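Engineer: A single structure is presented below for examination.
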Amino acid sequence: MERISTRLRALPPYLFAEIDRRRKELTAAGKDIINLGVGDPDLPTPERIVEAMRRAVGNPEFHRYPLGAGSRSFRQAIASYYRRAYGISLDPEEEICVLIGSKEGIAHAPMAFLDPGEVALVPEPGYPVYGIGTMLAGGTPFYLPLEEDRAFLPDIDAVPGDVVSRARMLFLNYPNNPTAAFAPAEFLVHAISFCERHGIVLVYDAAYSDIWFEKEPVRFLSLPGAKEVGIEFHSLSKTCNMTGWRIGWVCGNRHLVSALARLKENIDSGTFEAIQEAGVEALNNRPQEEAAAQRETYRRRRDMLAGGLRKIGWQFTLPEGTFYLWVRVPGVSSMEAVRMLLDETQIVATPGIGFGPSGDGYIRFSLTSPDHRIAEAVARMEARWARR
């Protein structure tokens with residue numbers, strides 16, 4: 001029997017399938033593939049966190065259902081981290097809910113805040129889960145182009161009035177994936193005011209906020225009115241190289257946090273408490289030099305790759321954070337550029353069109369491969385395309 005829902009059939013196709021098929025063919029033929037496509041840190045989880053997990057996993061108290069909004073100790077660690085690192089005050093009892101990774105919470109948020117037919121304002125190019133979560137909840141995504149001449153900030157004032165009247169959510173993500181753009185305080189203050197005027201929930205994805213170079217990004221929850229209209233999603237995936245651990249949180253407006261926690265109570269049974277104990281170690285005892293070393297690694301890789309891309313004449317804005325470079329490849333589509341890279345240099349990048357129509361003509365490089373592999377990628381591209 002082949003029976004799937006209309007909702008699932010409506011999801012967009014997997015645009016990377018062709019690239020993945022070609023990568024596998026080249027690998028099978030013995031080619032040395034350098035993968036600069038996936039946004040998954042190659043840096044290991046710090047040993048202090050791994051050791052905390054080893055200790056916790058042997059505790060039989062943590063072998064039972066981890067019900068509720070998360071362990072008190074982890075929510076207190078999150079609140080302490082926000083106060084210490086960002087100067088933001090959070091009530092660990094009512095303004096924080098632990099998630100099975102921030103992706104899970106973001107995907108479920110439209111189910112908590114949208115009724116069928118209502119609208120979520122979704123930036124594109126952007127993390128596909130914003131639109132997919134909206135569609136799975138029976139909502140309608142209205143896409144907001146992120147264009148280079150606007151510094152990859154959406155023009156929320158250009159949204160038609162009839163769309164605004166049906167909008168119940170606005171997704172924002174800065175530092176941004178895939179463009180690596182930062183949002184200035186004045187834009188975020190304007191977005192907060194926009195959401196307050198129109199009764200819209202502002203959903204802020206801060207997954208990359210701890211990866212910055214020359215200057216720190218603006219912290220959404222530090223701005224006036226942010227907690228009146230919004231919630232922030234964060235995780236340990238990028239902050240502490242814990243993508244596979246699947247642990248994150250939502251914080252901010254207590255009523256919105258409570259609504260998402262209530263939804264989750266009916267869907268899952270929480271995050272394994274041993275992982276939450278490892279999260280306590282991750283946040284409470286993170287040395288400044290550990291965070292600085294992580295940022296320096298990505299900054300060094302950024303500069304290495306940027307130098308090579310300049311030599312071949314490809315255009316980009318040097319990112320101030322994240323571990324991505326968003327690169328315009330003139331004269332060809334995203335898919336054509338990625339095919340060319342793979343076939344001629346055996347380098348995998350991500351086609352911008354996979355993040356939305358405004359991403360066509362761009363490709364995303366990830367800095368999550370070791371330095372020597374990025375150096376090799378640069379050498380291959382220079383050998384093929386450097387200006388003579």
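By convention here, the chains of the structure tokens are called A, B, ... in the order presented, each chain's residues are numbered starting at 1, and ligands are numbered starting at 1 in the order presented.
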Please report, as a Markdown table, each residue of segment 58-166 of chain A lying at most 8 Å from segment 3-21 of chain A, together with the nearest pair of atoms and the separation in Å rounded to one decimal; use only C-alpha atoms, and order rows by chain and ascending residue number.
Structural biologist:
```
| residue | atom | partner | partner_atom | distance |
| --- | --- | --- | --- | --- |
| A:Ile132 | CA | A:Leu11 | CA | 6.8 |
| A:Met135 | CA | A:Arg7 | CA | 7.0 |
| A:Leu136 | CA | A:Arg7 | CA | 6.0 |
| A:Gly138 | CA | A:Arg7 | CA | 7.5 |
```
Engineer: Give me a file of those residues, with N, CA and C atoms, as a short mmCIF file (atom, residue, chain, number, x, y, z; two decimals), in the first residue's frame.
Structural biologist:
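Output file part.cif is given in full below:
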```cif
data_model
loop_
_atom_site.label_atom_id
_atom_site.label_comp_id
_atom_site.auth_asym_id
_atom_site.auth_seq_id
_atom_site.Cartn_x
_atom_site.Cartn_y
_atom_site.Cartn_z
N ILE A 132 8.99 24.26 5.99
CA ILE A 132 8.46 22.89 6.07
C ILE A 132 7.63 22.70 7.33
N MET A 135 4.27 24.25 6.75
CA MET A 135 3.42 23.46 5.87
C MET A 135 2.87 22.22 6.59
N LEU A 136 3.72 21.57 7.39
CA LEU A 136 3.27 20.38 8.10
C LEU A 136 2.20 20.72 9.15
N GLY A 138 -0.12 22.83 8.57
CA GLY A 138 -1.29 23.30 7.84
C GLY A 138 -1.30 24.78 7.59
#
```
Engineer: Write out as a count of residues only which residues come within 8 Å of Gly105 of chain A when counting only C-alpha atoms, dropping same-chain ones fewer than 2 positions away.
Structural biologist: 12
Engineer: Can you tell me, as a list of chain:residue names, what residues are no more than 7 Å from Ala77 of chain A when counting only C-alpha atoms, ignoring any on the same chain fewer than 3 positions away?
Structural biologist: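 The contact residues come out as A:Ser73, A:Phe74, A:Ser80, A:Tyr81, A:Val280, A:Leu283, A:Asn284.
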Engineer: Tell me which protein, DNA and RNA residues are within 12 Å of Pro154 of chain A, counting only C-alpha atoms, leaving out same-chain ones fewer than 3 positions away, and put them as a ChimeraX atom specification.
Structural biologist: /A:121-126,142-151,157-159,170-174,176,181,183,187-188,190-191,358
Engineer: Store the residues picked out above, limited to N, CA and C atoms, as a compact mmCIF listing (two decimals), in the first residue's frame.
Structural biologist:
```txt
# COMPACT_ATOMS: atom_id res chain seq x y z
N LEU A 121 5.64 34.21 8.16
CA LEU A 121 6.56 34.97 7.33
C LEU A 121 7.94 34.31 7.43
N VAL A 122 8.43 33.83 6.28
CA VAL A 122 9.60 32.96 6.27
C VAL A 122 10.68 33.57 5.37
N PRO A 123 11.87 33.83 5.91
CA PRO A 123 12.95 34.37 5.07
C PRO A 123 13.48 33.31 4.12
N GLU A 124 13.85 33.76 2.91
CA GLU A 124 14.52 32.86 1.97
C GLU A 124 15.53 33.65 1.15
N PRO A 125 16.73 33.10 0.94
CA PRO A 125 17.16 31.77 1.33
C PRO A 125 17.23 31.64 2.85
N GLY A 126 16.88 30.46 3.34
CA GLY A 126 16.88 30.25 4.78
C GLY A 126 16.83 28.78 5.12
N PHE A 142 4.76 32.53 3.73
CA PHE A 142 4.91 33.67 2.83
C PHE A 142 6.38 34.05 2.87
N TYR A 143 7.03 33.91 1.73
CA TYR A 143 8.49 34.00 1.71
C TYR A 143 8.98 35.44 1.55
N LEU A 144 9.97 35.79 2.35
CA LEU A 144 10.57 37.12 2.35
C LEU A 144 11.98 37.02 1.77
N PRO A 145 12.21 37.53 0.57
CA PRO A 145 13.54 37.40 -0.04
C PRO A 145 14.62 38.11 0.78
N LEU A 146 15.76 37.46 0.92
CA LEU A 146 16.95 38.06 1.53
C LEU A 146 17.90 38.38 0.39
N GLU A 147 18.07 39.67 0.11
CA GLU A 147 18.83 40.08 -1.06
C GLU A 147 20.08 40.85 -0.63
N GLU A 148 21.10 40.70 -1.46
CA GLU A 148 22.41 41.27 -1.10
C GLU A 148 22.37 42.78 -0.96
N ASP A 149 21.55 43.46 -1.79
CA ASP A 149 21.52 44.92 -1.71
C ASP A 149 20.80 45.43 -0.47
N ARG A 150 20.17 44.55 0.28
CA ARG A 150 19.58 44.90 1.57
C ARG A 150 20.33 44.22 2.71
N ALA A 151 21.59 43.84 2.45
CA ALA A 151 22.43 43.20 3.46
C ALA A 151 21.78 41.93 4.00
N ASP A 157 8.31 45.54 5.79
CA ASP A 157 7.32 46.58 5.51
C ASP A 157 6.69 46.40 4.14
N ALA A 158 7.29 45.58 3.29
CA ALA A 158 6.74 45.34 1.95
C ALA A 158 5.73 44.21 1.91
N VAL A 159 5.49 43.54 3.04
CA VAL A 159 4.52 42.45 3.07
C VAL A 159 3.12 43.03 2.86
N LEU A 170 6.71 35.22 12.54
CA LEU A 170 7.82 35.72 11.73
C LEU A 170 9.08 35.00 12.17
N PHE A 171 9.74 34.30 11.25
CA PHE A 171 11.00 33.64 11.54
C PHE A 171 12.16 34.57 11.19
N LEU A 172 13.12 34.70 12.09
CA LEU A 172 14.36 35.40 11.81
C LEU A 172 15.52 34.55 12.32
N ASN A 173 16.67 34.69 11.66
CA ASN A 173 17.84 33.87 12.01
C ASN A 173 19.10 34.69 11.74
N TYR A 174 19.69 35.21 12.80
CA TYR A 174 20.95 35.95 12.70
C TYR A 174 21.82 35.64 13.90
N ASN A 176 23.17 34.54 10.20
CA ASN A 176 22.26 33.85 9.30
C ASN A 176 22.89 32.65 8.60
N ALA A 181 25.01 36.62 7.25
CA ALA A 181 24.76 38.01 7.58
C ALA A 181 24.47 38.19 9.06
N ALA A 183 22.43 40.89 11.83
CA ALA A 183 21.33 41.86 11.84
C ALA A 183 21.67 42.99 12.81
N PHE A 187 17.33 47.11 12.99
CA PHE A 187 16.43 46.22 12.25
C PHE A 187 15.64 45.34 13.20
N LEU A 188 16.29 44.76 14.19
CA LEU A 188 15.60 43.87 15.12
C LEU A 188 14.59 44.63 15.97
N HIS A 190 12.96 47.22 14.98
CA HIS A 190 11.84 47.45 14.07
C HIS A 190 10.99 46.19 13.91
N ALA A 191 11.64 45.03 13.81
CA ALA A 191 10.90 43.77 13.68
C ALA A 191 10.07 43.50 14.93
N SER A 358 15.73 32.92 -3.98
CA SER A 358 16.68 34.04 -3.94
C SER A 358 18.11 33.57 -3.77
```
Engineer: Return as a ChimeraX atom specification the full set of residues in segment 224-307 of chain A whose backbone-based DSSP assignment is strand (DSSP E).
Structural biologist: /A:230-235,248-252
Engineer: With only C-alpha atoms as the counted atoms, please give the residues lying no more than 7 Å from Asn253 of chain A, apart from itself and same-chain residues fewer than 3 positions off, as a list in words.
Structural biologist: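 Residues meeting the cut-off are Glu95, Lys227, Glu228, Val229, Gly230, Ile231, Leu256 and Val257 of chain A.
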Engineer: Filtering to C-alpha atoms, could you give me those residues as a PDB file, in the first residue's frame?
Structural biologist:
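The new file result.pdb reads:
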```
ATOM      1  CA  GLU A  95      10.952  31.058  30.423  1.00  0.00           C
ATOM      2  CA  LYS A 227      10.300  38.988  25.439  1.00  0.00           C
ATOM      3  CA  GLU A 228       6.869  40.549  24.926  1.00  0.00           C
ATOM      4  CA  VAL A 229       6.592  39.196  21.374  1.00  0.00           C
ATOM      5  CA  GLY A 230       9.204  36.541  20.903  1.00  0.00           C
ATOM      6  CA  ILE A 231      11.067  33.387  21.703  1.00  0.00           C
ATOM      7  CA  LEU A 256       4.890  31.101  24.221  1.00  0.00           C
ATOM      8  CA  VAL A 257       7.448  28.839  25.903  1.00  0.00           C
TER       9      VAL A 257
END
```
Engineer: Leaving out Met304 of chain A and any residue of its chain fewer than 2 positions from it, which residues lie within 9 Å of it when counting only C-alpha atoms, given as a list in words?
Structural biologist: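 The filter keeps Arg299, Arg300, Arg301, Arg302, Ala306, Gly307, Gly308, Leu309, Asp371, Ile374, Ala375 and Val378 of chain A.
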Engineer: Residues as selected, C-alpha atoms, written as a CSV table (one decimal), in the first residue's frame, can you do that?
Structural biologist:
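Result file selection29.csv:
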```csv
chain,number,residue,atom,x,y,z
A,299,ARG,CA,38.3,32.6,11.5
A,300,ARG,CA,41.6,31.1,10.2
A,301,ARG,CA,39.7,28.8,7.9
A,302,ARG,CA,37.5,31.6,6.7
A,306,ALA,CA,38.4,33.7,1.2
A,307,GLY,CA,41.9,34.2,-0.1
A,308,GLY,CA,41.5,31.4,-2.6
A,309,LEU,CA,38.1,32.6,-3.8
A,371,ASP,CA,42.5,23.2,7.8
A,374,ILE,CA,40.4,23.6,3.0
A,375,ALA,CA,44.0,24.4,1.9
A,378,VAL,CA,41.9,26.3,-2.3
```
Engineer: Could you pull out the residues in segment 27-69 of chain A that DSSP calls alpha helix (DSSP H) from the backbone, as a list of chain:residue names?
Structural biologist: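 Here is the list: A:Thr27, A:Ala28, A:Glu47, A:Arg48, A:Ile49, A:Val50, A:Glu51, A:Ala52, A:Met53, A:Arg54, A:Arg55, A:Ala56, A:Val57.
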Engineer: For each of A:Gly352, A:Gly199, A:Gly87, A:Pro46, take the minimum atom-to-atom distance to Leu221 of chain A, counting only C-alpha atoms, then give the residue where this is smallest.
Structural biologist: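 Looking only at the distances to Leu221 of chain A, the closest residue turns out to be A:Gly87.
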Engineer: Counting only C-alpha atoms, which of A:Gln346, A:Thr368, A:Thr239, A:Ser89 gets nearest to Glu25 of chain A?
Structural biologist: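 Closest to Glu25 of chain A of all the choices is A:Gln346.
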Engineer: Taking only C-alpha atoms into account, which of A:Ile363, A:Cys97, A:Ala278, A:Leu342 comes nearest Leu26 of chain A?
Structural biologist: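 Looking only at the distances to Leu26 of chain A, the closest residue turns out to be A:Leu342.
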Engineer: Pick from A:Thr317, A:Thr45, A:Ser258, A:Ser222: nearest to Cys240 of chain A, with only C-alpha atoms counted?
Structural biologist: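 Closest residue, counting only C-alpha atoms: A:Thr45.
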Engineer: For atom CA of Arg286 of chain A and atom CA of Ser209 of chain A, determine how far apart the two atoms are, in Å to one decimal place.
Structural biologist: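 Atom-to-atom, atom CA of Arg286 of chain A to atom CA of Ser209 of chain A, that is 15.6 Å.
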Engineer: Between A:Phe213, A:Trp245, A:Phe220, A:Tyr362, which is the closest to Leu318 of chain A once you count only C-alpha atoms?
Structural biologist: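 Answer, going by the shortest atom-to-atom distance: A:Phe213.
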Engineer: Would you mind reading off the distance between atom CA of Ala383 of chain A and atom CA of Lys311 of chain A, one decimal, in Å?
Structural biologist: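 So the two atoms, atom CA of Ala383 of chain A and atom CA of Lys311 of chain A, lie 10.3 Å apart.
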